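For reference, model_15.txt is printed below; it contains compact mmCIF, C-alpha atoms.
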# COMPACT_ATOMS: atom_id res chain seq x y z
CA MET A 1 18.13 -21.51 -7.84
CA SER A 2 14.35 -21.57 -7.85
CA ALA A 3 12.47 -22.27 -11.06
CA VAL A 4 11.67 -18.55 -11.21
CA GLY A 5 15.34 -17.56 -11.04
CA GLU A 6 16.35 -20.23 -13.53
CA ARG A 7 13.80 -19.02 -16.09
CA ALA A 8 14.89 -15.40 -15.71
CA TRP A 9 18.53 -16.37 -16.12
CA ARG A 10 17.82 -18.39 -19.28
CA ARG A 11 15.85 -15.54 -20.84
CA LEU A 12 18.61 -13.05 -20.08
CA ASP A 13 21.35 -15.46 -21.19
CA ALA A 14 19.63 -15.76 -24.57
CA ARG A 15 19.38 -12.04 -25.27
CA ALA A 16 22.29 -10.42 -23.42
CA GLY A 17 25.34 -9.02 -25.14
CA LEU A 18 28.55 -11.03 -24.95
CA LEU A 19 31.00 -9.94 -22.28
CA GLY A 20 34.12 -11.47 -23.80
CA PRO A 21 37.84 -10.88 -23.16
CA ASP A 22 38.00 -7.69 -25.25
CA GLU A 23 35.08 -6.12 -23.40
CA LEU A 24 36.55 -7.21 -20.05
CA LYS A 25 39.73 -5.37 -20.96
CA ARG A 26 37.71 -2.26 -21.82
CA LEU A 27 36.03 -2.46 -18.40
CA SER A 28 39.33 -2.84 -16.56
CA PRO A 29 40.51 -1.94 -14.02
CA ILE A 30 37.38 -3.48 -12.45
CA LEU A 31 36.04 -2.78 -8.96
CA VAL A 32 33.63 -5.17 -7.25
CA ILE A 33 31.69 -4.18 -4.13
CA ALA A 34 30.56 -7.15 -2.03
CA PRO A 35 28.08 -6.43 0.78
CA HIS A 36 29.32 -9.45 2.77
CA PRO A 37 32.06 -12.04 2.46
CA ASP A 38 30.55 -14.68 0.10
CA ASP A 39 28.71 -12.22 -2.20
CA GLU A 40 31.89 -11.81 -4.26
CA THR A 41 31.61 -15.48 -5.27
CA LEU A 42 27.83 -15.70 -5.57
CA GLY A 43 27.52 -12.58 -7.71
CA CYS A 44 30.86 -12.16 -9.48
CA GLY A 45 32.95 -15.29 -8.99
CA GLY A 46 33.21 -15.94 -12.70
CA LEU A 47 34.04 -12.32 -13.45
CA LEU A 48 36.83 -12.26 -10.89
CA THR A 49 38.26 -15.58 -12.08
CA LEU A 50 38.32 -14.68 -15.77
CA ALA A 51 39.62 -11.16 -15.19
CA SER A 52 42.38 -12.58 -13.01
CA ARG A 53 43.31 -15.15 -15.66
CA LEU A 54 43.70 -12.29 -18.14
CA GLY A 55 46.02 -10.47 -15.74
CA LEU A 56 43.55 -7.60 -15.29
CA LEU A 57 43.97 -7.43 -11.49
CA PRO A 58 40.37 -6.80 -10.39
CA ARG A 59 39.87 -5.16 -7.01
CA VAL A 60 37.31 -6.11 -4.39
CA ILE A 61 35.76 -3.96 -1.66
CA TYR A 62 33.91 -5.58 1.24
CA LEU A 63 31.29 -3.35 2.78
CA THR A 64 30.49 -5.14 6.06
CA ASP A 65 32.37 -7.32 8.51
CA GLY A 66 29.75 -10.10 8.48
CA ARG A 67 29.47 -10.29 12.26
CA ALA A 68 25.65 -10.61 12.30
CA SER A 69 25.29 -13.90 10.43
CA HIS A 70 25.21 -15.98 13.64
CA LEU A 71 23.70 -14.07 16.53
CA GLY A 72 23.89 -15.21 20.13
CA SER A 73 26.71 -17.72 19.72
CA PRO A 74 28.78 -18.04 22.95
CA ALA A 75 31.63 -19.73 21.07
CA TRP A 76 31.62 -17.24 18.19
CA PRO A 77 30.98 -13.74 19.55
CA PRO A 78 30.75 -10.95 16.95
CA ARG A 79 34.42 -9.94 17.05
CA ARG A 80 35.66 -13.49 16.55
CA LEU A 81 33.14 -14.13 13.78
CA ALA A 82 34.11 -10.93 11.96
CA LYS A 83 37.78 -11.92 12.10
CA GLU A 84 36.98 -15.38 10.72
CA ARG A 85 34.84 -14.01 7.92
CA ARG A 86 37.67 -11.75 6.83
CA ARG A 87 39.99 -14.75 6.73
CA GLU A 88 37.41 -16.69 4.71
CA ALA A 89 37.02 -13.80 2.28
CA LEU A 90 40.75 -13.69 1.56
CA ALA A 91 40.86 -17.47 1.12
CA ALA A 92 37.91 -17.36 -1.29
CA LEU A 93 39.48 -14.56 -3.31
CA ALA A 94 42.73 -16.50 -3.54
CA GLU A 95 40.74 -19.31 -5.21
CA LEU A 96 39.42 -16.73 -7.70
CA GLY A 97 42.88 -15.34 -8.41
CA VAL A 98 42.61 -12.08 -6.43
CA GLY A 99 45.53 -11.20 -4.17
CA ARG A 100 45.39 -9.52 -0.76
CA THR A 101 46.81 -6.24 -2.02
CA ASN A 102 43.75 -5.80 -4.24
CA VAL A 103 41.25 -6.10 -1.40
CA LEU A 104 39.80 -3.39 0.84
CA PHE A 105 37.68 -4.03 3.96
CA LEU A 106 35.45 -1.11 4.98
CA ASP A 107 34.29 -2.97 8.12
CA TRP A 108 30.82 -1.50 8.38
CA ARG A 109 28.76 -3.26 11.04
CA ASP A 110 26.79 -6.07 9.46
CA ALA A 111 23.07 -5.22 8.97
CA ALA A 112 23.58 -1.61 10.13
CA PRO A 113 24.58 0.28 6.96
CA HIS A 114 25.27 4.00 6.64
CA PRO A 115 22.56 5.63 4.48
CA ARG A 116 23.26 7.56 1.29
CA GLY A 117 24.78 10.97 1.97
CA SER A 118 25.54 10.20 5.62
CA PRO A 119 28.93 10.95 7.20
CA GLY A 120 29.66 7.22 7.27
CA GLN A 121 29.04 6.81 3.58
CA LEU A 122 31.00 9.95 2.70
CA ALA A 123 33.92 8.64 4.77
CA ALA A 124 33.77 5.37 2.85
CA VAL A 125 33.88 7.21 -0.48
CA GLU A 126 36.97 9.08 0.71
CA LYS A 127 38.63 5.88 1.94
CA VAL A 128 38.01 4.08 -1.36
CA SER A 129 39.26 7.08 -3.33
CA ARG A 130 42.50 7.13 -1.34
CA TRP A 131 42.90 3.39 -1.83
CA LEU A 132 42.62 3.92 -5.58
CA PHE A 133 45.22 6.67 -5.70
CA ASP A 134 47.37 4.72 -8.17
CA VAL A 135 44.50 3.16 -10.13
CA SER A 136 42.05 4.61 -12.65
CA PRO A 137 39.15 2.13 -12.56
CA ARG A 138 36.81 2.04 -15.52
CA SER A 139 33.93 0.02 -14.07
CA ILE A 140 32.26 -0.90 -10.82
CA PHE A 141 30.18 -4.02 -10.21
CA ALA A 142 27.78 -3.92 -7.25
CA PRO A 143 24.51 -5.52 -6.22
CA TRP A 144 21.33 -4.18 -7.76
CA ARG A 145 19.78 -1.69 -5.36
CA GLY A 146 16.43 -3.45 -5.78
CA GLU A 147 17.70 -6.41 -3.73
CA GLU A 148 15.87 -6.55 -0.42
CA HIS A 149 18.78 -6.89 2.02
CA CYS A 150 19.76 -3.55 3.55
CA ASP A 151 23.50 -4.20 3.10
CA HIS A 152 23.03 -5.01 -0.58
CA GLN A 153 21.13 -1.75 -1.02
CA ALA A 154 23.89 0.13 0.79
CA ALA A 155 26.56 -1.44 -1.42
CA ALA A 156 24.60 -0.32 -4.48
CA GLU A 157 24.30 3.21 -3.09
CA LEU A 158 28.03 3.32 -2.39
CA ALA A 159 28.73 2.31 -5.99
CA ILE A 160 26.48 5.12 -7.21
CA ALA A 161 28.26 7.61 -4.95
CA LEU A 162 31.65 6.48 -6.24
CA ALA A 163 30.46 6.75 -9.84
CA GLU A 164 29.46 10.36 -9.17
CA ARG A 165 33.10 11.08 -8.35
CA LEU A 166 34.89 8.76 -10.79
CA PRO A 167 34.11 8.14 -14.50
CA LEU A 168 32.92 4.57 -13.96
CA ARG A 169 30.67 2.29 -15.94
CA GLN A 170 28.17 0.84 -13.48
CA LEU A 171 27.09 -2.79 -13.73
CA ASP A 172 24.73 -4.58 -11.39
CA TYR A 173 24.92 -8.21 -10.36
CA MET A 174 22.20 -10.28 -8.70
CA VAL A 175 22.22 -12.51 -5.65
CA TRP A 176 18.81 -12.39 -3.96
CA GLY A 177 17.34 -10.56 -6.96
CA TRP A 178 17.13 -13.81 -8.93
CA SER A 179 14.07 -14.76 -6.88
CA LEU A 180 11.95 -12.02 -8.49
CA PRO A 181 9.49 -13.43 -11.05
CA HIS A 182 9.86 -10.40 -13.36
CA LEU A 183 13.48 -9.44 -12.79
CA GLU A 184 14.02 -7.85 -16.21
CA ALA A 185 11.06 -5.50 -15.82
CA ALA A 186 11.83 -4.77 -12.17
CA HIS A 187 15.41 -3.76 -12.94
CA GLY A 188 14.49 -1.59 -15.91
CA SER A 189 17.84 -1.64 -17.73
CA ASP A 190 17.85 -2.12 -21.49
CA VAL A 191 21.50 -3.21 -21.47
CA CYS A 192 22.60 -6.52 -20.04
CA TRP A 193 25.69 -8.62 -20.52
CA ARG A 194 26.42 -12.33 -20.29
CA LEU A 195 29.84 -13.52 -19.21
CA PRO A 196 30.47 -17.14 -20.29
CA CYS A 197 32.21 -18.76 -17.32
CA ALA A 198 31.42 -22.48 -17.42
CA ASP A 199 35.14 -23.18 -17.19
CA ALA A 200 35.30 -21.23 -13.91
CA CYS A 201 32.80 -23.39 -12.02
CA ALA A 202 35.52 -25.30 -10.16
CA GLU A 203 37.11 -22.09 -8.87
CA ARG A 204 33.72 -20.69 -7.86
CA ARG A 205 32.76 -23.84 -5.97
CA ARG A 206 36.11 -23.93 -4.16
CA ALA A 207 35.80 -20.25 -3.30
CA LEU A 208 32.32 -20.66 -1.87
CA ALA A 209 33.45 -23.66 0.17
CA ARG A 210 36.03 -21.40 1.83
CA HIS A 211 33.16 -19.58 3.53
CA ARG A 212 32.76 -22.33 6.11
CA THR A 213 30.79 -20.19 8.55
CA GLN A 214 28.14 -19.70 5.87
CA MET A 215 28.27 -23.11 4.20
CA THR A 216 28.54 -25.60 7.08
CA ASP A 217 27.44 -26.24 10.66
CA LEU A 218 30.77 -24.95 11.98
CA ILE A 219 28.82 -22.64 14.31
CA SER A 220 26.27 -24.81 16.05
CA ASP A 221 25.34 -22.80 19.15
CA ALA A 222 23.87 -19.61 17.62
CA GLU A 223 20.39 -18.40 18.54
CA GLU A 224 19.99 -17.15 14.96
CA ALA A 225 22.12 -18.75 12.25
CA PHE A 226 22.40 -18.09 8.54
CA ARG A 227 23.40 -20.70 6.00
CA ILE A 228 23.57 -20.05 2.28
CA PRO A 229 20.51 -21.76 0.76
CA GLU A 230 20.97 -24.31 -1.99
CA GLU A 231 19.31 -22.09 -4.59
CA LEU A 232 22.08 -19.53 -4.07
CA VAL A 233 24.83 -22.15 -3.96
CA ALA A 234 23.58 -23.21 -7.41
CA LEU A 235 24.63 -19.83 -8.82
CA THR A 236 28.22 -21.08 -8.90
CA ASP A 237 27.24 -23.82 -11.35
CA ARG A 238 25.70 -21.52 -13.94
CA SER A 239 27.48 -21.40 -17.27
CA SER A 240 27.29 -17.61 -17.40
CA GLU A 241 26.94 -14.60 -15.15
CA ILE A 242 24.50 -11.84 -16.04
CA PHE A 243 25.10 -8.14 -15.40
CA PHE A 244 22.82 -5.16 -15.99
CA GLU A 245 24.52 -1.92 -17.06
CA ARG A 246 23.26 1.44 -15.86
CA GLY A 247 23.00 4.20 -18.44
Write the structure described by the file as structure tokens, please.
Amino acid sequence: MSAVGERAWRRLDARAGLLGPDELKRLSPILVIAPHPDDETLGCGGLLTLASRLGLLPRVIYLTDGRASHLGSPAWPPRRLAKERRREALAALAELGVGRTNVLFLDWRDAAPHPRGSPGQLAAVEKVSRWLFDVSPRSIFAPWRGEEHCDHQAAAELAIALAERLPLRQLDYMVWGWSLPHLEAAHGSDVCWRLPCADACAERRRALARHRTQMTDLISDAEEAFRIPEELVALTDRSSEIFFERG
């Protein structure tokens, strides 16, 4: 992470409330919305690992199919890439202790999200609600809607729409948001939590490594290729994860 992100994290880590086992249990069942396969590890890998260790059975929702990360690859056309990214997501979640039955793929087209209030978003709310027919979640973790990527914003808006239907505590996690020099002021929340997860670094690193399409040169013939930058990879080595709670 850049020096800016590191400073923000240290400030927040020093003043945030402790998100310990008892509070995790009060937040459970937990839902996590990941815009793309890999965001679950970058933003909430420690949360998922520790909740799984406690037997709390967190659930994960993937918004997009990830097909746009490597455009113009003859060897990896969009359909093949989307299928591989789903496989990588399940492998990463297995490292974090989350089983297949607790995962939902919404399969929105990568980088083409449905806006708030649109038929596509309303259909997603209905699909998630049906998926949760036997669960009464208490919290939802999603990216902060101030993050610049359109899919991260859409994931945040979906979390807000779900919270309007279900009595959920809303907590935001950061991925790209750590690059902002004044993150605390930009977010505006007075309530933030720190989850100590130094002992989950190994699981988080292994989970991120499962995303080979995003972490390696597996796809070498793309006209436009994304690879997770080192400053984001470094998130998995942090001794705590920070979450902002919405009032």
Mind checking which residues fall within 12 Å of stretch 157-169 of chain A, counting all atoms listed in the file, ignoring those fewer than 6 positions away in the same chain, and posting them as an NGL selection string?
-> :A and (24 or 26-35 or 61-63 or 106 or 113-118 or 120-130 or 132-133 or 135-147 or 150-151 or 243-247)
Point (43.9, -17.7, -6.9) neighbourhood (12 Å, all atoms listed in the file) written as a ChimeraX atom specification | /A:45,48-53,55,57-58,90-100,200,202-204,206-207
Exercise on stretch 172-189 of chain A, axis-aligned box with 4 Å per side, report centre and edge lengths in Å to one decimal, as lines of an AutoDock Vina configuration file:
center_x = 17.2
center_y = -8.2
center_z = -10.8
size_x = 23.4
size_y = 21.2
size_z = 21.8
Would you work out the distance separating atom CA of A:Thr213 from atom CA of A:Gly177, expressed in Å to one decimal?
->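 One can read the atom CA of A:Thr213 to atom CA of A:Gly177 distance as 22.7 Å.
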Go through A:Trp131, A:Trp9, A:Trp193, A:Trp76 and flag the residue nearest A:Ala225, using all atoms listed in the file for the distances.
-> A:Trp76
Smallest atom-to-atom distance to A:Thr41: which of A:Glu23, A:Glu224, A:Asp237, A:Asp65, using only C-alpha atoms?
->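 With only C-alpha atoms as the atom set, the closest residue is A:Asp237.
Across A:Arg205, A:Arg212, A:Lys25, A:Arg227, the tightest approach to A:Leu42 is made by A:Arg205 when counting all atoms listed in the file.
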In Å, how far is it from atom CA of A:Thr101 to atom CA of A:Val60?
->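 Going from atom CA of A:Thr101 over to atom CA of A:Val60, I get 9.8 Å.
Near A:Ser240, within a cut-off of 9 Å and counting all atoms listed in the file, sit the residues Trp9, Asp13, Gly46, Arg194, Leu195, Pro196, Cys197 and Ala198 of chain A, with same-chain residues fewer than 4 positions away left out.
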Quick one, how far is atom CA of A:Leu171 from atom CA of A:Gly5?
-> 19.1 Å
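Among the candidates A:Cys192, A:Ala89, A:Ala186, A:Val175, the one nearest to A:Ala209 when counting only C-alpha atoms is A:Ala89.
Take the candidates A:Ile228, A:Met215, A:Asp190, A:Ala82 and check each one against A:Gly17 using all atoms listed in the file; the shortest distance goes to A:Asp190.
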Just give me the residues with any atom within 12 Å of (25.4, -11.7, 13.2), file coordinates, counting only C-alpha atoms, written as a PyMOL selection string.
-> chain A and resi 36+64-73+76-82+85+109-112+213-214+219+222-227
Of A:Arg10, A:Pro119, A:Leu18, A:Glu40, the one nearest to A:His152 when counting all atoms listed in the file is A:Glu40
Could you get me a file of stretch 90-123 of chain A with N, CA and C atoms, as a PDB file, in the first residue's frame, taken from the block above?
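The new file decode-v1.pdb reads:
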ATOM      1  N   LEU A  90     -14.078 -19.583  -5.887  1.00  0.00           N
ATOM      2  CA  LEU A  90     -14.418 -20.686  -4.995  1.00  0.00           C
ATOM      3  C   LEU A  90     -13.171 -21.254  -4.322  1.00  0.00           C
ATOM      4  N   ALA A  91     -12.065 -21.322  -5.063  1.00  0.00           N
ATOM      5  CA  ALA A  91     -10.820 -21.814  -4.477  1.00  0.00           C
ATOM      6  C   ALA A  91     -10.305 -20.857  -3.412  1.00  0.00           C
ATOM      7  N   ALA A  92     -10.413 -19.552  -3.668  1.00  0.00           N
ATOM      8  CA  ALA A  92      -9.978 -18.564  -2.681  1.00  0.00           C
ATOM      9  C   ALA A  92     -10.837 -18.641  -1.422  1.00  0.00           C
ATOM     10  N   LEU A  93     -12.141 -18.749  -1.604  1.00  0.00           N
ATOM     11  CA  LEU A  93     -13.030 -18.833  -0.447  1.00  0.00           C
ATOM     12  C   LEU A  93     -12.775 -20.095   0.369  1.00  0.00           C
ATOM     13  N   ALA A  94     -12.439 -21.171  -0.295  1.00  0.00           N
ATOM     14  CA  ALA A  94     -12.108 -22.396   0.435  1.00  0.00           C
ATOM     15  C   ALA A  94     -10.912 -22.162   1.354  1.00  0.00           C
ATOM     16  N   GLU A  95      -9.930 -21.376   0.897  1.00  0.00           N
ATOM     17  CA  GLU A  95      -8.776 -21.039   1.743  1.00  0.00           C
ATOM     18  C   GLU A  95      -9.210 -20.223   2.957  1.00  0.00           C
ATOM     19  N   LEU A  96     -10.262 -19.437   2.794  1.00  0.00           N
ATOM     20  CA  LEU A  96     -10.753 -18.580   3.881  1.00  0.00           C
ATOM     21  C   LEU A  96     -11.796 -19.275   4.745  1.00  0.00           C
ATOM     22  N   GLY A  97     -12.129 -20.507   4.400  1.00  0.00           N
ATOM     23  CA  GLY A  97     -13.060 -21.279   5.220  1.00  0.00           C
ATOM     24  C   GLY A  97     -14.512 -21.195   4.806  1.00  0.00           C
ATOM     25  N   VAL A  98     -14.804 -20.625   3.634  1.00  0.00           N
ATOM     26  CA  VAL A  98     -16.184 -20.451   3.171  1.00  0.00           C
ATOM     27  C   VAL A  98     -16.506 -21.524   2.143  1.00  0.00           C
ATOM     28  N   GLY A  99     -17.568 -22.275   2.390  1.00  0.00           N
ATOM     29  CA  GLY A  99     -17.961 -23.359   1.507  1.00  0.00           C
ATOM     30  C   GLY A  99     -18.839 -22.902   0.359  1.00  0.00           C
ATOM     31  N   ARG A 100     -18.926 -23.714  -0.675  1.00  0.00           N
ATOM     32  CA  ARG A 100     -19.667 -23.380  -1.898  1.00  0.00           C
ATOM     33  C   ARG A 100     -21.126 -23.070  -1.635  1.00  0.00           C
ATOM     34  N   THR A 101     -21.741 -23.735  -0.680  1.00  0.00           N
ATOM     35  CA  THR A 101     -23.166 -23.515  -0.446  1.00  0.00           C
ATOM     36  C   THR A 101     -23.457 -22.129   0.125  1.00  0.00           C
ATOM     37  N   ASN A 102     -22.421 -21.433   0.578  1.00  0.00           N
ATOM     38  CA  ASN A 102     -22.603 -20.092   1.139  1.00  0.00           C
ATOM     39  C   ASN A 102     -22.131 -19.005   0.182  1.00  0.00           C
ATOM     40  N   VAL A 103     -22.165 -19.317  -1.102  1.00  0.00           N
ATOM     41  CA  VAL A 103     -21.701 -18.378  -2.129  1.00  0.00           C
ATOM     42  C   VAL A 103     -22.787 -18.203  -3.186  1.00  0.00           C
ATOM     43  N   LEU A 104     -23.008 -16.956  -3.595  1.00  0.00           N
ATOM     44  CA  LEU A 104     -23.966 -16.645  -4.652  1.00  0.00           C
ATOM     45  C   LEU A 104     -23.274 -15.795  -5.713  1.00  0.00           C
ATOM     46  N   PHE A 105     -23.399 -16.194  -6.980  1.00  0.00           N
ATOM     47  CA  PHE A 105     -22.866 -15.436  -8.109  1.00  0.00           C
ATOM     48  C   PHE A 105     -24.029 -14.754  -8.829  1.00  0.00           C
ATOM     49  N   LEU A 106     -23.999 -13.425  -8.881  1.00  0.00           N
ATOM     50  CA  LEU A 106     -25.047 -12.692  -9.583  1.00  0.00           C
ATOM     51  C   LEU A 106     -24.745 -12.568 -11.076  1.00  0.00           C
ATOM     52  N   ASP A 107     -23.476 -12.688 -11.450  1.00  0.00           N
ATOM     53  CA  ASP A 107     -23.064 -12.742 -12.864  1.00  0.00           C
ATOM     54  C   ASP A 107     -23.442 -11.500 -13.669  1.00  0.00           C
ATOM     55  N   TRP A 108     -23.356 -10.326 -13.028  1.00  0.00           N
ATOM     56  CA  TRP A 108     -23.467  -9.103 -13.812  1.00  0.00           C
ATOM     57  C   TRP A 108     -22.256  -9.018 -14.737  1.00  0.00           C
ATOM     58  N   ARG A 109     -22.426  -8.377 -15.870  1.00  0.00           N
ATOM     59  CA  ARG A 109     -21.299  -8.188 -16.784  1.00  0.00           C
ATOM     60  C   ARG A 109     -20.288  -7.242 -16.140  1.00  0.00           C
ATOM     61  N   ASP A 110     -19.051  -7.646 -16.156  1.00  0.00           N
ATOM     62  CA  ASP A 110     -17.971  -6.869 -15.570  1.00  0.00           C
ATOM     63  C   ASP A 110     -17.900  -5.485 -16.222  1.00  0.00           C
ATOM     64  N   ALA A 111     -17.817  -4.438 -15.374  1.00  0.00           N
ATOM     65  CA  ALA A 111     -17.683  -3.042 -15.819  1.00  0.00           C
ATOM     66  C   ALA A 111     -18.927  -2.521 -16.546  1.00  0.00           C
ATOM     67  N   ALA A 112     -20.082  -3.152 -16.329  1.00  0.00           N
ATOM     68  CA  ALA A 112     -21.336  -2.683 -16.918  1.00  0.00           C
ATOM     69  C   ALA A 112     -22.460  -2.867 -15.897  1.00  0.00           C
ATOM     70  N   PRO A 113     -22.357  -2.200 -14.738  1.00  0.00           N
ATOM     71  CA  PRO A 113     -23.305  -2.466 -13.652  1.00  0.00           C
ATOM     72  C   PRO A 113     -24.691  -1.895 -13.912  1.00  0.00           C
ATOM     73  N   HIS A 114     -25.683  -2.492 -13.250  1.00  0.00           N
ATOM     74  CA  HIS A 114     -27.045  -1.967 -13.265  1.00  0.00           C
ATOM     75  C   HIS A 114     -27.141  -0.830 -12.251  1.00  0.00           C
ATOM     76  N   PRO A 115     -27.648   0.335 -12.644  1.00  0.00           N
ATOM     77  CA  PRO A 115     -27.729   1.459 -11.700  1.00  0.00           C
ATOM     78  C   PRO A 115     -28.796   1.246 -10.634  1.00  0.00           C
ATOM     79  N   ARG A 116     -28.710   2.039  -9.591  1.00  0.00           N
ATOM     80  CA  ARG A 116     -29.649   1.969  -8.472  1.00  0.00           C
ATOM     81  C   ARG A 116     -31.076   2.179  -8.965  1.00  0.00           C
ATOM     82  N   GLY A 117     -31.973   1.310  -8.540  1.00  0.00           N
ATOM     83  CA  GLY A 117     -33.378   1.419  -8.900  1.00  0.00           C
ATOM     84  C   GLY A 117     -33.733   0.849 -10.252  1.00  0.00           C
ATOM     85  N   SER A 118     -32.748   0.346 -10.996  1.00  0.00           N
ATOM     86  CA  SER A 118     -33.007  -0.211 -12.324  1.00  0.00           C
ATOM     87  C   SER A 118     -33.613  -1.604 -12.203  1.00  0.00           C
ATOM     88  N   PRO A 119     -34.244  -2.106 -13.277  1.00  0.00           N
ATOM     89  CA  PRO A 119     -34.778  -3.468 -13.231  1.00  0.00           C
ATOM     90  C   PRO A 119     -33.707  -4.504 -12.888  1.00  0.00           C
ATOM     91  N   GLY A 120     -32.486  -4.311 -13.390  1.00  0.00           N
ATOM     92  CA  GLY A 120     -31.422  -5.256 -13.096  1.00  0.00           C
ATOM     93  C   GLY A 120     -31.063  -5.290 -11.621  1.00  0.00           C
ATOM     94  N   GLN A 121     -31.019  -4.112 -11.006  1.00  0.00           N
ATOM     95  CA  GLN A 121     -30.706  -4.098  -9.582  1.00  0.00           C
ATOM     96  C   GLN A 121     -31.859  -4.669  -8.761  1.00  0.00           C
ATOM     97  N   LEU A 122     -33.079  -4.330  -9.135  1.00  0.00           N
ATOM     98  CA  LEU A 122     -34.237  -4.853  -8.401  1.00  0.00           C
ATOM     99  C   LEU A 122     -34.299  -6.375  -8.514  1.00  0.00           C
ATOM    100  N   ALA A 123     -33.945  -6.904  -9.682  1.00  0.00           N
ATOM    101  CA  ALA A 123     -33.921  -8.359  -9.848  1.00  0.00           C
ATOM    102  C   ALA A 123     -32.852  -8.987  -8.962  1.00  0.00           C
TER     103      ALA A 123
END
